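Colleague: Data file start_30.cif (mmCIF, C-alpha atoms) is appended below.
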```cif
data_model
loop_
_atom_site.label_atom_id
_atom_site.label_comp_id
_atom_site.auth_asym_id
_atom_site.auth_seq_id
_atom_site.Cartn_x
_atom_site.Cartn_y
_atom_site.Cartn_z
CA MET Z 38 -33.58 118.24 42.99
CA ARG Z 39 -32.28 114.95 44.32
CA SER Z 40 -30.24 115.34 47.49
CA SER Z 41 -27.17 113.90 45.87
CA GLU Z 42 -27.72 115.52 42.50
CA MET Z 43 -24.70 117.80 42.69
CA ALA Z 44 -22.50 114.72 42.88
CA ASP Z 45 -24.26 112.77 40.10
CA GLU Z 46 -22.11 111.75 37.20
CA VAL Z 47 -24.14 110.79 34.16
CA THR Z 48 -22.50 109.75 30.91
CA LEU Z 49 -24.30 108.64 27.78
CA TYR Z 50 -22.51 106.52 25.20
CA ALA Z 51 -24.31 107.50 22.06
CA ASP Z 52 -24.69 107.76 18.34
CA GLY Z 53 -26.61 110.95 17.61
CA ARG Z 54 -28.31 109.39 14.58
CA SER Z 55 -29.93 106.57 16.51
CA PRO Z 56 -33.61 106.73 17.45
CA PHE Z 57 -32.86 104.39 20.38
CA VAL Z 58 -30.21 106.76 21.72
CA CYS Z 59 -32.63 109.64 21.12
CA ARG Z 60 -35.19 108.03 23.42
CA VAL Z 61 -32.73 108.36 26.26
CA LYS Z 62 -31.74 111.90 25.27
CA ILE Z 63 -35.40 112.95 25.26
CA ALA Z 64 -35.86 111.48 28.75
CA LEU Z 65 -32.70 113.21 30.03
CA ASN Z 66 -33.88 116.45 28.49
CA MET Z 67 -37.39 116.17 29.90
CA LYS Z 68 -35.97 115.78 33.38
CA GLY Z 69 -33.30 118.42 32.98
CA ILE Z 70 -30.52 115.96 33.85
CA LYS Z 71 -26.99 117.10 33.10
CA TYR Z 72 -24.90 114.50 31.32
CA LYS Z 73 -21.75 113.98 29.31
CA ASN Z 74 -22.32 112.77 25.77
CA MET Z 75 -19.70 110.34 24.45
CA GLU Z 76 -20.24 109.97 20.74
CA GLU Z 77 -19.28 106.51 19.52
CA ASP Z 78 -17.94 105.46 16.14
CA LEU Z 79 -19.88 102.24 15.67
CA GLN Z 80 -17.30 100.95 13.20
CA ASN Z 81 -14.66 101.40 15.85
CA LYS Z 82 -16.29 100.99 19.25
CA SER Z 83 -14.51 102.37 22.27
CA GLY Z 84 -13.04 100.15 24.94
CA ALA Z 85 -15.39 101.78 27.41
CA LEU Z 86 -18.49 100.84 25.42
CA LEU Z 87 -17.36 97.22 25.00
CA ASN Z 88 -16.57 97.09 28.68
CA TYR Z 89 -19.94 98.47 29.77
CA ASN Z 90 -22.02 96.48 27.27
CA PRO Z 91 -20.23 93.21 26.59
CA VAL Z 92 -23.49 91.39 25.86
CA HIS Z 93 -24.84 93.56 23.04
CA LYS Z 94 -21.91 95.95 22.34
CA LYS Z 95 -24.45 98.63 21.42
CA VAL Z 96 -25.48 102.18 22.21
CA PRO Z 97 -27.16 103.64 24.15
CA VAL Z 98 -25.37 102.93 27.40
CA LEU Z 99 -26.00 105.22 30.34
CA VAL Z 100 -23.43 105.25 33.11
CA HIS Z 101 -24.66 106.76 36.37
CA ASN Z 102 -22.02 107.14 39.08
CA GLY Z 103 -20.03 104.30 37.51
CA ASN Z 104 -23.01 101.96 37.07
CA PRO Z 105 -23.90 101.05 33.49
CA ILE Z 106 -27.53 100.70 32.40
CA LEU Z 107 -28.36 99.18 29.03
CA GLU Z 108 -31.33 98.97 26.64
CA SER Z 109 -33.02 102.25 25.76
CA LEU Z 110 -36.39 101.61 27.41
CA VAL Z 111 -34.75 100.11 30.51
CA ILE Z 112 -32.64 103.28 30.73
CA VAL Z 113 -35.72 105.50 30.33
CA GLU Z 114 -37.49 103.66 33.16
CA TYR Z 115 -34.35 103.91 35.28
CA LEU Z 116 -34.21 107.68 34.78
CA ASP Z 117 -37.89 107.85 35.68
CA ASN Z 118 -37.24 105.88 38.89
CA VAL Z 119 -34.25 107.94 40.01
CA TRP Z 120 -35.35 111.42 38.90
CA GLU Z 121 -39.00 111.68 39.84
CA ARG Z 122 -39.75 115.11 38.37
CA VAL Z 123 -41.60 115.26 35.04
CA PRO Z 124 -42.80 111.65 35.14
CA ILE Z 125 -42.50 109.55 32.00
CA LEU Z 126 -44.52 106.57 33.19
CA PRO Z 127 -48.03 106.83 34.64
CA GLN Z 128 -48.38 106.29 38.40
CA ASP Z 129 -51.42 104.04 38.23
CA PRO Z 130 -50.32 100.36 37.96
CA TYR Z 131 -52.77 99.57 35.17
CA GLU Z 132 -51.90 102.67 33.14
CA LYS Z 133 -48.22 101.86 33.69
CA ALA Z 134 -48.74 98.31 32.43
CA ALA Z 135 -50.63 99.62 29.40
CA ALA Z 136 -47.77 102.03 28.61
CA ARG Z 137 -45.23 99.21 28.86
CA PHE Z 138 -47.40 97.01 26.65
CA TRP Z 139 -47.54 99.64 23.91
CA ALA Z 140 -43.84 100.47 24.15
CA LYS Z 141 -43.06 96.76 23.79
CA PHE Z 142 -45.46 96.44 20.87
CA ILE Z 143 -43.68 99.30 19.11
CA ASP Z 144 -40.27 97.75 19.78
CA ASP Z 145 -41.10 94.12 19.07
CA LYS Z 146 -43.62 94.43 16.24
CA CYS Z 147 -43.83 97.87 14.62
CA ILE Z 148 -40.23 98.86 14.23
CA PRO Z 149 -38.97 95.49 12.94
CA ALA Z 150 -41.90 95.32 10.49
CA LEU Z 151 -41.08 98.81 9.23
CA TYR Z 152 -37.35 98.13 8.85
CA LYS Z 153 -38.17 94.99 6.91
CA VAL Z 154 -40.03 97.01 4.28
CA PHE Z 155 -36.96 99.11 3.54
CA SER Z 156 -34.35 96.40 3.92
CA SER Z 157 -36.33 94.19 1.52
CA LYS Z 158 -36.47 97.14 -0.88
CA GLY Z 159 -40.27 97.19 -0.74
CA GLU Z 160 -40.35 94.29 -3.11
CA GLU Z 161 -42.55 92.02 -1.09
CA GLU Z 162 -46.17 93.02 -0.82
CA GLN Z 163 -46.67 90.80 2.22
CA VAL Z 164 -43.97 92.73 4.09
CA ILE Z 165 -45.65 96.05 3.28
CA THR Z 166 -49.07 94.71 4.29
CA GLU Z 167 -47.71 93.53 7.62
CA ALA Z 168 -46.05 96.87 8.35
CA CYS Z 169 -49.28 98.70 7.53
CA GLU Z 170 -51.20 96.33 9.80
CA GLN Z 171 -49.00 97.28 12.74
CA LEU Z 172 -49.32 100.97 11.89
CA GLN Z 173 -53.09 100.59 11.73
CA ILE Z 174 -53.09 99.23 15.27
CA LEU Z 175 -51.28 102.39 16.44
CA GLU Z 176 -53.61 104.53 14.36
CA ASP Z 177 -56.63 102.90 16.03
CA GLU Z 178 -55.12 103.38 19.48
CA LEU Z 179 -54.58 107.10 18.86
CA GLU Z 180 -58.14 107.36 17.54
CA LEU Z 181 -59.45 105.60 20.65
CA LYS Z 182 -57.46 107.77 23.03
CA GLY Z 183 -58.49 110.95 21.24
CA LYS Z 184 -55.60 112.93 22.71
CA LYS Z 185 -52.58 114.70 21.31
CA PHE Z 186 -50.15 112.02 22.46
CA PHE Z 187 -50.18 108.38 23.59
CA GLY Z 188 -49.48 109.85 27.01
CA GLY Z 189 -52.46 112.22 26.83
CA ASP Z 190 -51.66 115.93 26.87
CA ASN Z 191 -47.99 115.24 27.46
CA ILE Z 192 -45.58 112.72 26.01
CA ASN Z 193 -44.94 109.53 27.93
CA LEU Z 194 -43.00 106.27 27.53
CA VAL Z 195 -45.04 105.22 24.50
CA ASP Z 196 -44.50 108.44 22.58
CA ILE Z 197 -40.79 108.25 23.34
CA ALA Z 198 -40.66 104.58 22.24
CA ALA Z 199 -42.35 105.55 18.98
CA ASP Z 200 -39.82 108.28 18.15
CA PHE Z 201 -38.59 106.33 15.14
CA ILE Z 202 -42.07 106.47 13.64
CA ALA Z 203 -42.43 110.20 14.30
CA TYR Z 204 -39.17 111.30 12.69
CA TRP Z 205 -36.82 108.72 11.24
CA LEU Z 206 -39.48 106.88 9.29
CA GLN Z 207 -40.42 109.86 7.17
CA LEU Z 208 -36.76 110.53 6.41
CA LEU Z 209 -36.34 106.91 5.40
CA GLU Z 210 -39.39 107.29 3.18
CA GLU Z 211 -37.96 110.45 1.66
CA ALA Z 212 -34.54 108.92 1.03
CA THR Z 213 -35.94 105.80 -0.61
CA GLU Z 214 -38.86 107.56 -2.28
CA MET Z 215 -41.23 105.05 -0.80
CA LYS Z 216 -44.20 106.31 1.20
CA LEU Z 217 -45.95 104.20 3.83
CA VAL Z 218 -47.45 106.74 6.19
CA THR Z 219 -49.62 109.05 4.15
CA ARG Z 220 -51.89 111.62 5.79
CA SER Z 221 -54.91 110.07 4.12
CA LYS Z 222 -54.13 106.55 5.24
CA PHE Z 223 -52.84 107.36 8.72
CA PRO Z 224 -54.21 110.78 9.72
CA LYS Z 225 -53.85 110.24 13.45
CA ILE Z 226 -50.26 109.02 13.24
CA THR Z 227 -49.39 111.95 10.96
CA GLU Z 228 -50.89 114.46 13.37
CA TRP Z 229 -49.29 112.78 16.39
CA ALA Z 230 -45.88 112.76 14.68
CA GLU Z 231 -46.09 116.49 13.93
CA GLY Z 232 -46.96 117.21 17.54
CA PHE Z 233 -44.20 114.97 18.87
CA VAL Z 234 -41.32 116.35 16.80
CA ASN Z 235 -42.41 119.87 17.72
CA CYS Z 236 -42.13 119.28 21.47
CA GLN Z 237 -39.27 121.39 22.76
CA VAL Z 238 -37.70 118.50 24.68
CA VAL Z 239 -37.78 116.33 21.55
CA LYS Z 240 -36.89 118.91 18.90
CA GLU Z 241 -33.60 119.74 20.62
CA MET Z 242 -32.47 116.10 20.53
CA LEU Z 243 -33.28 115.08 16.96
CA PRO Z 244 -30.37 114.62 14.54
CA PRO Z 245 -30.41 117.01 11.56
CA ARG Z 246 -32.55 115.91 8.60
CA ALA Z 247 -29.63 116.22 6.18
CA ILE Z 248 -27.52 113.75 8.12
CA MET Z 249 -30.28 111.13 8.29
CA LEU Z 250 -31.20 111.58 4.62
CA ALA Z 251 -27.59 111.10 3.57
CA TYR Z 252 -27.25 108.06 5.82
CA TYR Z 253 -30.42 106.42 4.52
CA LYS Z 254 -29.70 107.20 0.88
CA ASN Z 255 -26.33 105.59 1.30
CA ARG Z 256 -27.69 102.58 3.13
CA PHE Z 257 -30.87 101.82 1.22
CA GLY Z 258 -30.75 103.84 -1.98
CA LYS Z 259 -33.85 104.59 -3.98
CA ILE Z 260 -36.58 101.96 -3.92
CA MET F 250 -57.26 91.17 48.81
CA ALA F 251 -60.56 89.66 47.76
CA GLU F 252 -59.92 90.50 44.12
CA LYS F 253 -61.25 88.24 41.46
CA VAL F 254 -58.49 87.49 39.02
CA LYS F 255 -58.70 85.59 35.74
CA LEU F 256 -55.75 84.24 33.82
CA TYR F 257 -56.31 83.19 30.22
CA GLY F 258 -53.76 80.70 28.99
CA VAL F 259 -52.72 77.22 28.01
CA GLU F 260 -51.36 74.78 30.58
CA VAL F 261 -48.21 73.84 28.67
CA SER F 262 -47.08 77.35 27.81
CA PRO F 263 -43.95 78.55 29.62
CA PHE F 264 -45.09 82.16 29.04
CA VAL F 265 -48.38 81.51 30.80
CA CYS F 266 -46.65 79.63 33.61
CA ARG F 267 -44.38 82.63 34.25
CA VAL F 268 -47.48 84.58 35.20
CA LYS F 269 -48.77 81.70 37.35
CA TYR F 270 -45.52 81.70 39.34
CA ALA F 271 -45.72 85.43 39.91
CA LEU F 272 -49.31 85.06 41.15
CA ASN F 273 -48.26 82.12 43.33
CA LEU F 274 -45.37 84.13 44.83
CA LYS F 275 -47.89 86.74 45.92
CA GLY F 276 -50.41 84.17 47.14
CA VAL F 277 -53.06 85.46 44.76
CA ASN F 278 -56.04 83.21 44.02
CA TYR F 279 -57.06 83.22 40.40
CA GLU F 280 -59.30 81.44 37.98
CA PHE F 281 -57.48 79.80 35.09
CA ILE F 282 -59.26 79.84 31.75
CA GLN F 283 -57.80 77.23 29.39
CA GLU F 284 -57.76 78.50 25.84
CA ASP F 285 -57.68 76.51 22.62
CA LEU F 286 -55.24 78.49 20.49
CA ASP F 287 -56.63 76.98 17.30
CA ASN F 288 -60.07 78.21 18.31
CA LYS F 289 -59.61 81.32 20.43
CA SER F 290 -62.47 82.37 22.66
CA PRO F 291 -64.31 85.63 21.98
CA ASP F 292 -63.17 86.76 25.42
CA LEU F 293 -59.49 86.30 24.55
CA LEU F 294 -59.90 88.19 21.28
CA LYS F 295 -61.74 90.93 23.17
CA TYR F 296 -59.16 91.23 25.94
CA ASN F 297 -56.10 90.99 23.72
CA PRO F 298 -57.21 92.42 20.39
CA VAL F 299 -53.71 93.57 19.44
CA LEU F 300 -51.76 90.34 19.79
CA LYS F 301 -54.56 87.79 20.20
CA ASN F 302 -52.36 85.54 22.36
CA VAL F 303 -51.92 84.23 25.89
CA PRO F 304 -51.27 84.95 28.69
CA VAL F 305 -53.85 87.61 29.49
CA LEU F 306 -54.56 88.69 33.05
CA ARG F 307 -57.81 90.34 34.05
CA LEU F 308 -58.72 91.87 37.34
CA LEU F 309 -62.47 91.67 37.56
CA HIS F 310 -62.98 94.65 39.84
CA ASN F 311 -61.92 96.99 37.09
CA GLY F 312 -62.11 94.55 34.20
CA ASN F 313 -58.86 95.79 32.72
CA PRO F 314 -56.95 93.17 30.75
CA ILE F 315 -53.17 93.03 30.50
CA SER F 316 -51.09 90.97 28.13
CA GLU F 317 -47.36 90.23 27.58
CA SER F 318 -45.95 88.08 30.36
CA LEU F 319 -43.20 90.44 31.58
CA VAL F 320 -45.60 93.39 31.61
CA ILE F 321 -48.11 91.27 33.55
CA ILE F 322 -45.49 90.19 36.09
CA GLU F 323 -44.40 93.77 36.80
CA TYR F 324 -48.07 94.71 37.12
CA ILE F 325 -48.62 91.89 39.62
CA ASP F 326 -45.62 93.17 41.56
CA ASP F 327 -47.06 96.70 41.57
CA VAL F 328 -50.55 95.70 42.68
CA TRP F 329 -49.87 93.02 45.28
CA LYS F 330 -47.43 93.72 48.08
CA GLY F 331 -45.90 90.81 50.01
CA VAL F 332 -43.04 88.87 48.42
CA PRO F 333 -41.30 91.37 46.10
CA ILE F 334 -40.43 90.25 42.59
CA MET F 335 -38.55 93.36 41.47
CA PRO F 336 -35.70 94.83 43.54
CA LYS F 337 -36.35 98.14 45.28
CA ASP F 338 -33.11 99.78 44.21
CA ALA F 339 -33.40 101.55 40.85
CA TYR F 340 -30.09 100.23 39.51
CA GLU F 341 -30.80 96.67 40.56
CA LYS F 342 -34.25 96.99 39.02
CA ALA F 343 -32.66 98.09 35.75
CA GLN F 344 -30.30 95.11 35.92
CA ALA F 345 -33.23 92.76 36.51
CA ARG F 346 -35.10 94.19 33.53
CA PHE F 347 -32.03 94.04 31.30
CA TRP F 348 -31.30 90.38 32.07
CA ALA F 349 -34.96 89.34 31.85
CA LYS F 350 -35.19 91.06 28.45
CA PHE F 351 -31.97 89.34 27.36
CA PHE F 352 -33.38 85.98 28.39
CA VAL F 353 -36.76 86.56 26.77
CA ASP F 354 -35.51 88.21 23.56
CA LYS F 355 -32.36 86.15 22.96
CA CYS F 356 -31.95 83.00 25.05
CA HIS F 357 -35.47 81.60 25.04
CA PRO F 358 -36.12 82.06 21.28
CA ALA F 359 -32.67 80.69 20.38
CA ILE F 360 -33.18 77.59 22.52
CA PHE F 361 -36.66 77.15 21.10
CA LYS F 362 -35.31 77.43 17.56
CA ALA F 363 -32.67 74.80 18.29
CA ILE F 364 -35.39 72.52 19.66
CA GLY F 365 -37.52 73.10 16.57
CA SER F 366 -34.66 72.26 14.25
CA HIS F 367 -33.87 69.11 16.22
CA GLY F 368 -30.56 70.45 17.47
CA GLU F 369 -29.26 71.81 14.17
CA LYS F 370 -25.61 72.77 14.68
CA GLN F 371 -25.92 76.47 13.80
CA ASP F 372 -29.01 76.92 15.98
CA VAL F 373 -27.43 75.22 18.95
CA ALA F 374 -24.30 77.35 18.52
CA GLU F 375 -26.38 80.52 18.63
CA ALA F 376 -28.24 79.35 21.73
CA HIS F 377 -24.91 78.54 23.36
CA GLU F 378 -23.57 81.98 22.56
CA HIS F 379 -26.39 83.57 24.56
CA LEU F 380 -26.24 80.96 27.33
CA GLN F 381 -22.55 81.68 27.81
CA PHE F 382 -23.39 85.20 28.98
CA LEU F 383 -25.71 83.75 31.60
CA GLU F 384 -23.11 81.17 32.63
CA ASN F 385 -20.48 83.90 33.04
CA GLU F 386 -22.81 86.14 34.99
CA LEU F 387 -23.88 83.32 37.32
CA ASN F 388 -20.23 82.42 37.90
CA VAL F 389 -19.50 85.97 38.98
CA LYS F 390 -22.63 86.30 41.12
CA GLY F 391 -22.38 82.97 42.93
CA SER F 392 -25.93 83.33 44.26
CA LYS F 393 -28.81 80.86 44.24
CA PHE F 394 -30.90 83.03 41.96
CA PHE F 395 -29.89 85.67 39.48
CA GLY F 396 -30.73 88.55 41.78
CA GLY F 397 -29.66 86.93 45.03
CA ASP F 398 -31.49 84.72 47.51
CA ASN F 399 -34.98 85.15 46.15
CA MET F 400 -36.75 84.54 42.85
CA GLY F 401 -36.92 87.54 40.59
CA LEU F 402 -38.05 88.32 37.07
CA ILE F 403 -35.42 86.40 35.13
CA ASP F 404 -35.58 83.43 37.50
CA ILE F 405 -39.29 83.11 36.81
CA CYS F 406 -38.50 83.05 33.07
CA ALA F 407 -35.65 80.59 33.49
CA THR F 408 -38.05 77.89 34.63
CA PHE F 409 -38.20 77.23 30.88
CA ILE F 410 -34.67 75.87 30.99
CA GLY F 411 -35.24 73.95 34.21
CA TYR F 412 -38.25 72.00 32.98
CA TRP F 413 -39.54 72.62 29.47
CA VAL F 414 -36.18 72.20 27.77
CA GLY F 415 -35.55 68.82 29.45
CA ALA F 416 -38.93 67.56 28.27
CA ALA F 417 -38.26 68.78 24.73
CA GLU F 418 -34.80 67.21 24.70
CA GLU F 419 -36.27 63.89 25.80
CA ALA F 420 -39.13 64.06 23.32
CA LEU F 421 -36.82 64.69 20.38
CA GLY F 422 -33.69 62.85 21.50
CA ILE F 423 -31.49 65.95 21.39
CA GLU F 424 -29.37 67.99 23.76
CA VAL F 425 -29.48 71.76 23.54
CA VAL F 426 -28.51 73.05 26.99
CA THR F 427 -25.42 70.92 27.41
CA LYS F 428 -24.80 70.05 31.04
CA ASP F 429 -21.00 70.09 31.04
CA LYS F 430 -20.87 73.35 29.14
CA PHE F 431 -23.38 75.21 31.32
CA PRO F 432 -23.20 73.77 34.85
CA LYS F 433 -24.11 77.08 36.52
CA VAL F 434 -27.09 77.65 34.24
CA ILE F 435 -28.39 74.12 34.87
CA GLU F 436 -27.92 74.45 38.63
CA TRP F 437 -29.68 77.81 38.64
CA ALA F 438 -32.55 76.58 36.48
CA HIS F 439 -33.11 73.69 38.87
CA ASN F 440 -33.12 76.06 41.83
CA CYS F 441 -35.91 77.94 40.08
CA ILE F 442 -37.92 74.79 39.41
CA ASN F 443 -37.52 73.59 42.99
CA CYS F 444 -39.21 76.65 44.46
CA GLN F 445 -42.49 75.66 46.06
CA VAL F 446 -44.49 78.16 44.04
CA VAL F 447 -43.16 76.58 40.84
CA LYS F 448 -42.78 72.91 41.76
CA ASP F 449 -46.43 72.56 42.73
CA ASP F 450 -47.67 74.17 39.56
CA LEU F 451 -45.82 72.61 36.65
CA PRO F 452 -47.60 71.02 33.72
CA SER F 453 -47.11 67.24 33.70
CA ARG F 454 -43.94 66.05 32.03
CA GLU F 455 -46.05 63.69 29.90
CA SER F 456 -48.11 66.58 28.54
CA LEU F 457 -44.95 68.50 27.64
CA ILE F 458 -43.33 65.52 25.96
CA ALA F 459 -46.55 64.93 24.05
CA TYR F 460 -46.64 68.60 23.06
CA TYR F 461 -43.06 68.67 21.75
CA THR F 462 -43.47 65.35 20.00
CA ARG F 463 -46.66 66.54 18.33
CA ARG F 464 -45.18 69.86 17.34
CA PHE F 465 -41.66 68.94 16.30
CA GLY F 466 -41.38 65.16 16.35
CA LYS F 467 -40.43 63.24 13.26
CA ALA F 468 -43.50 61.75 11.58
#
```
As C-alpha cells, please, write out the structure in this file.

Modeller:
Amino acid sequence: MRSSEMADEVTLYADGRSPFVCRVKIALNMKGIKYKNMEEDLQNKSGALLNYNPVHKKVPVLVHNGNPILESLVIVEYLDNVWERVPILPQDPYEKAAARFWAKFIDDKCIPALYKVFSSKGEEEQVITEACEQLQILEDELELKGKKFFGGDNINLVDIAADFIAYWLQLLEEATEMKLVTRSKFPKITEWAEGFVNCQVVKEMLPPRAIMLAYYKNRFGKI
Amino acid sequence: MAEKVKLYGVEVSPFVCRVKYALNLKGVNYEFIQEDLDNKSPDLLKYNPVLKNVPVLRLLHNGNPISESLVIIEYIDDVWKGVPIMPKDAYEKAQARFWAKFFVDKCHPAIFKAIGSHGEKQDVAEAHEHLQFLENELNVKGSKFFGGDNMGLIDICATFIGYWVGAAEEALGIEVVTKDKFPKVIEWAHNCINCQVVKDDLPSRESLIAYYTRRFGKA
C-alpha cells in the first residue's frame, strides 16, 4: 500500500461502453485501486469533464487528488507509475519500449483500420484488406511470442490496449453481421481474445453484451 | 557507456531529428545510417518489419531495434542517465506524455496538411485550432520550455515548428504558423531550436527548402 493511499482521491470520468475507458478500469482493477466512477452523458457533457479536458472534451479522464490525467494509455502508465503493485509495463527498458510500440500500433493503425471497415459499411474491399493486414501483424506477433497474452503469462499494456479487439470487435461483427476475425483466419487472436475476456480483472469491467449490441445495431445497422 | 548505437533515418526528417536531439542531450555517440525511402535497405525492413519506416534505433550490444520516435526517446531516457528528458514526478510525466501526444497526433499532422495544401483555408484553420491550445498553455506556464527550464519530450518535437515549418513556408510562399496569432508558440519553438544539441544538428535550410519544393511545389 502506498503511504498516502488512505488519503488518495481517485475519480474516473467515464462512459461504461467505451473500450478506452475500459482500459483504465482494467488497470484500476488490476491494482485494486478504489475510485469513484462518474458516468458521463456524452451528448450532454458535465462541466467537470469540460473543465478537466478542454482540449479533447473526451472520456476517460482520471482525477487523482485534484490532478486530471487524460488519454487512456497515458492514464494507464500513470497508474503503473504511482501504484507499483501488479505491474502493467515490463521493467526492462527494451521490453517496455516494445510494449509501448505495440500499444501505439494498436491505437494508431489497428483500431482506426477496423472502425473504417464498419463505418464504410464494408463496401470497400481495400478497407477490409487493410484491416486484415493489421490484424495479421498482431496474429504473427502472438504466434512469435507463443504465450497466452502479449504480456506473456499475464496481461500487460499491450493486451489492455487491444481490449477493443478482444471484446467490442466481435460485438460489432455480430451487430452488423459482418465477420472479420474468424477462428480459421486468425486462430491466435481468437484464442488470445477468449483468454483476455475471461481474466477476472477484465471480465468485471466489460459492459454487458446486450448494451453494446444495441448500441452498434443502432449506430451501424446491418451490413 | 561504450555502447554502439545505430540510428536509421533520413537527414531531412523531423521525426528522425527528434531522436538525434534526444541522443545529443544524453551525449550518446551513434552511427547514422542514411536511408533511401524509395529503396529501403534490407536492414531497415528487417529491423522495422511492422511499419517499414524511419527512425529506427538499434543498440548493437543486444541488437534490439526500436521504432516510433516517441517510444525511442523514452527508451533513450530510460537507458542513459544524465540529462533527464522525462520529469521524475508521475503527474508531470503524464502531462508531458499528454502534450507530446497532442503535438504529434494533432498539431504536427495538421500543420503538415496545411503545408501540403499550400495553405488551404480550412487546413490552416484546423492547424490554428490545435495551435491555440499550445498558445494558451504557454501563456499560462510562462516558462522557456513546455515543462520548465529544460527541454522535454514536446520541446524536442516542437523543433518542427521552429525550423521545418519556416523552410516549408518559404519554399511554398505561404504562412501557416502566423506570427502575430501565435507569438508564444513561435518564441517557444525558437527556444527549442536554439538549444546547442539542436542548433548544431539541423539539416541545412537549403536541403529542407529543396525537399518541400520537390514534394509540394507547383510544377

Colleague: Could you make a table, as CSV, of the residues of chain F that have an atom within 10 Å of an atom of chain Z, each with its nearest atom pair and distance in Å to one decimal, counting all atoms listed in the file, in chain and number order?

Modeller:
```
residue,atom,partner,partner_atom,distance
F:Pro298,CA,Z:Ile174,CA,9.5
F:Val299,CA,Z:Ile174,CA,7.1
F:Leu300,CA,Z:Phe142,CA,8.8
F:Leu308,CA,Z:Tyr131,CA,10.0
F:Asn311,CA,Z:Tyr131,CA,9.7
F:Asn313,CA,Z:Tyr131,CA,7.6
F:Pro314,CA,Z:Tyr131,CA,8.8
F:Ile315,CA,Z:Ala135,CA,7.1
F:Ser316,CA,Z:Phe138,CA,7.2
F:Glu317,CA,Z:Phe138,CA,6.8
F:Ser318,CA,Z:Phe138,CA,9.8
F:Leu319,CA,Z:Phe138,CA,9.2
F:Val320,CA,Z:Ala134,CA,5.9
F:Ile321,CA,Z:Ala134,CA,7.2
F:Ile322,CA,Z:Ala134,CA,9.5
F:Glu323,CA,Z:Ala134,CA,7.7
F:Tyr324,CA,Z:Ala134,CA,6.0
F:Ile325,CA,Z:Pro130,CA,8.8
F:Asp326,CA,Z:Pro130,CA,9.3
F:Asp327,CA,Z:Pro130,CA,6.1
F:Val328,CA,Z:Pro130,CA,6.6
F:Asp338,CA,Z:Asn118,CA,9.1
F:Ala339,CA,Z:Asn118,CA,6.1
F:Tyr340,CA,Z:Tyr115,CA,7.0
F:Glu341,CA,Z:Tyr115,CA,9.6
F:Lys342,CA,Z:Tyr115,CA,7.9
F:Ala343,CA,Z:Val111,CA,6.0
F:Gln344,CA,Z:Ile106,CA,7.2
F:Ala345,CA,Z:Val111,CA,9.6
F:Arg346,CA,Z:Val111,CA,6.7
F:Phe347,CA,Z:Val111,CA,6.7
F:Trp348,CA,Z:Leu107,CA,9.8
F:Lys350,CA,Z:Glu108,CA,9.0
F:Phe351,CA,Z:Val92,CA,8.9
F:Asp354,CA,Z:Asp145,CA,9.3
F:Glu378,CA,Z:Val92,CA,10.0
F:His379,CA,Z:Val92,CA,8.4
F:Gln381,CA,Z:Val92,CA,9.9
F:Phe382,CA,Z:Val92,CA,6.9
F:Leu383,CA,Z:Val92,CA,9.8
```

Colleague: Identify which of the residues F:Asp449, F:Glu280, F:Pro263, F:Glu375 lies closest to Gly411 (chain F), counting only C-alpha atoms when measuring atom-to-atom distances.

Modeller: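 Closest to Gly411 (chain F), using only C-alpha atoms: F:Pro263.
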
Colleague: To verify the selection step, state as a PDB file with C-alpha atoms, in the frame of the given file which residues the PyMOL selection byres ((chain Z and resi 201) around 12) yields on this input.

Modeller:
```
ATOM      1  CA  ARG Z  54     -28.310 109.390  14.580  1.00  0.00           C
ATOM      2  CA  SER Z  55     -29.930 106.570  16.510  1.00  0.00           C
ATOM      3  CA  PRO Z  56     -33.610 106.730  17.450  1.00  0.00           C
ATOM      4  CA  PHE Z  57     -32.860 104.390  20.380  1.00  0.00           C
ATOM      5  CA  VAL Z  58     -30.210 106.760  21.720  1.00  0.00           C
ATOM      6  CA  CYS Z  59     -32.630 109.640  21.120  1.00  0.00           C
ATOM      7  CA  ARG Z  60     -35.190 108.030  23.420  1.00  0.00           C
ATOM      8  CA  ALA Z 140     -43.840 100.470  24.150  1.00  0.00           C
ATOM      9  CA  ILE Z 143     -43.680  99.300  19.110  1.00  0.00           C
ATOM     10  CA  ASP Z 144     -40.270  97.750  19.780  1.00  0.00           C
ATOM     11  CA  CYS Z 147     -43.830  97.870  14.620  1.00  0.00           C
ATOM     12  CA  ILE Z 148     -40.230  98.860  14.230  1.00  0.00           C
ATOM     13  CA  PRO Z 149     -38.970  95.490  12.940  1.00  0.00           C
ATOM     14  CA  LEU Z 151     -41.080  98.810   9.230  1.00  0.00           C
ATOM     15  CA  TYR Z 152     -37.350  98.130   8.850  1.00  0.00           C
ATOM     16  CA  VAL Z 195     -45.040 105.220  24.500  1.00  0.00           C
ATOM     17  CA  ASP Z 196     -44.500 108.440  22.580  1.00  0.00           C
ATOM     18  CA  ILE Z 197     -40.790 108.250  23.340  1.00  0.00           C
ATOM     19  CA  ALA Z 198     -40.660 104.580  22.240  1.00  0.00           C
ATOM     20  CA  ALA Z 199     -42.350 105.550  18.980  1.00  0.00           C
ATOM     21  CA  ASP Z 200     -39.820 108.280  18.150  1.00  0.00           C
ATOM     22  CA  ILE Z 202     -42.070 106.470  13.640  1.00  0.00           C
ATOM     23  CA  ALA Z 203     -42.430 110.200  14.300  1.00  0.00           C
ATOM     24  CA  TYR Z 204     -39.170 111.300  12.690  1.00  0.00           C
ATOM     25  CA  TRP Z 205     -36.820 108.720  11.240  1.00  0.00           C
ATOM     26  CA  LEU Z 206     -39.480 106.880   9.290  1.00  0.00           C
ATOM     27  CA  GLN Z 207     -40.420 109.860   7.170  1.00  0.00           C
ATOM     28  CA  LEU Z 208     -36.760 110.530   6.410  1.00  0.00           C
ATOM     29  CA  LEU Z 209     -36.340 106.910   5.400  1.00  0.00           C
ATOM     30  CA  ALA Z 230     -45.880 112.760  14.680  1.00  0.00           C
ATOM     31  CA  PHE Z 233     -44.200 114.970  18.870  1.00  0.00           C
ATOM     32  CA  VAL Z 234     -41.320 116.350  16.800  1.00  0.00           C
ATOM     33  CA  VAL Z 239     -37.780 116.330  21.550  1.00  0.00           C
ATOM     34  CA  LEU Z 243     -33.280 115.080  16.960  1.00  0.00           C
ATOM     35  CA  PRO Z 244     -30.370 114.620  14.540  1.00  0.00           C
ATOM     36  CA  MET Z 249     -30.280 111.130   8.290  1.00  0.00           C
TER      37      MET Z 249
END
```
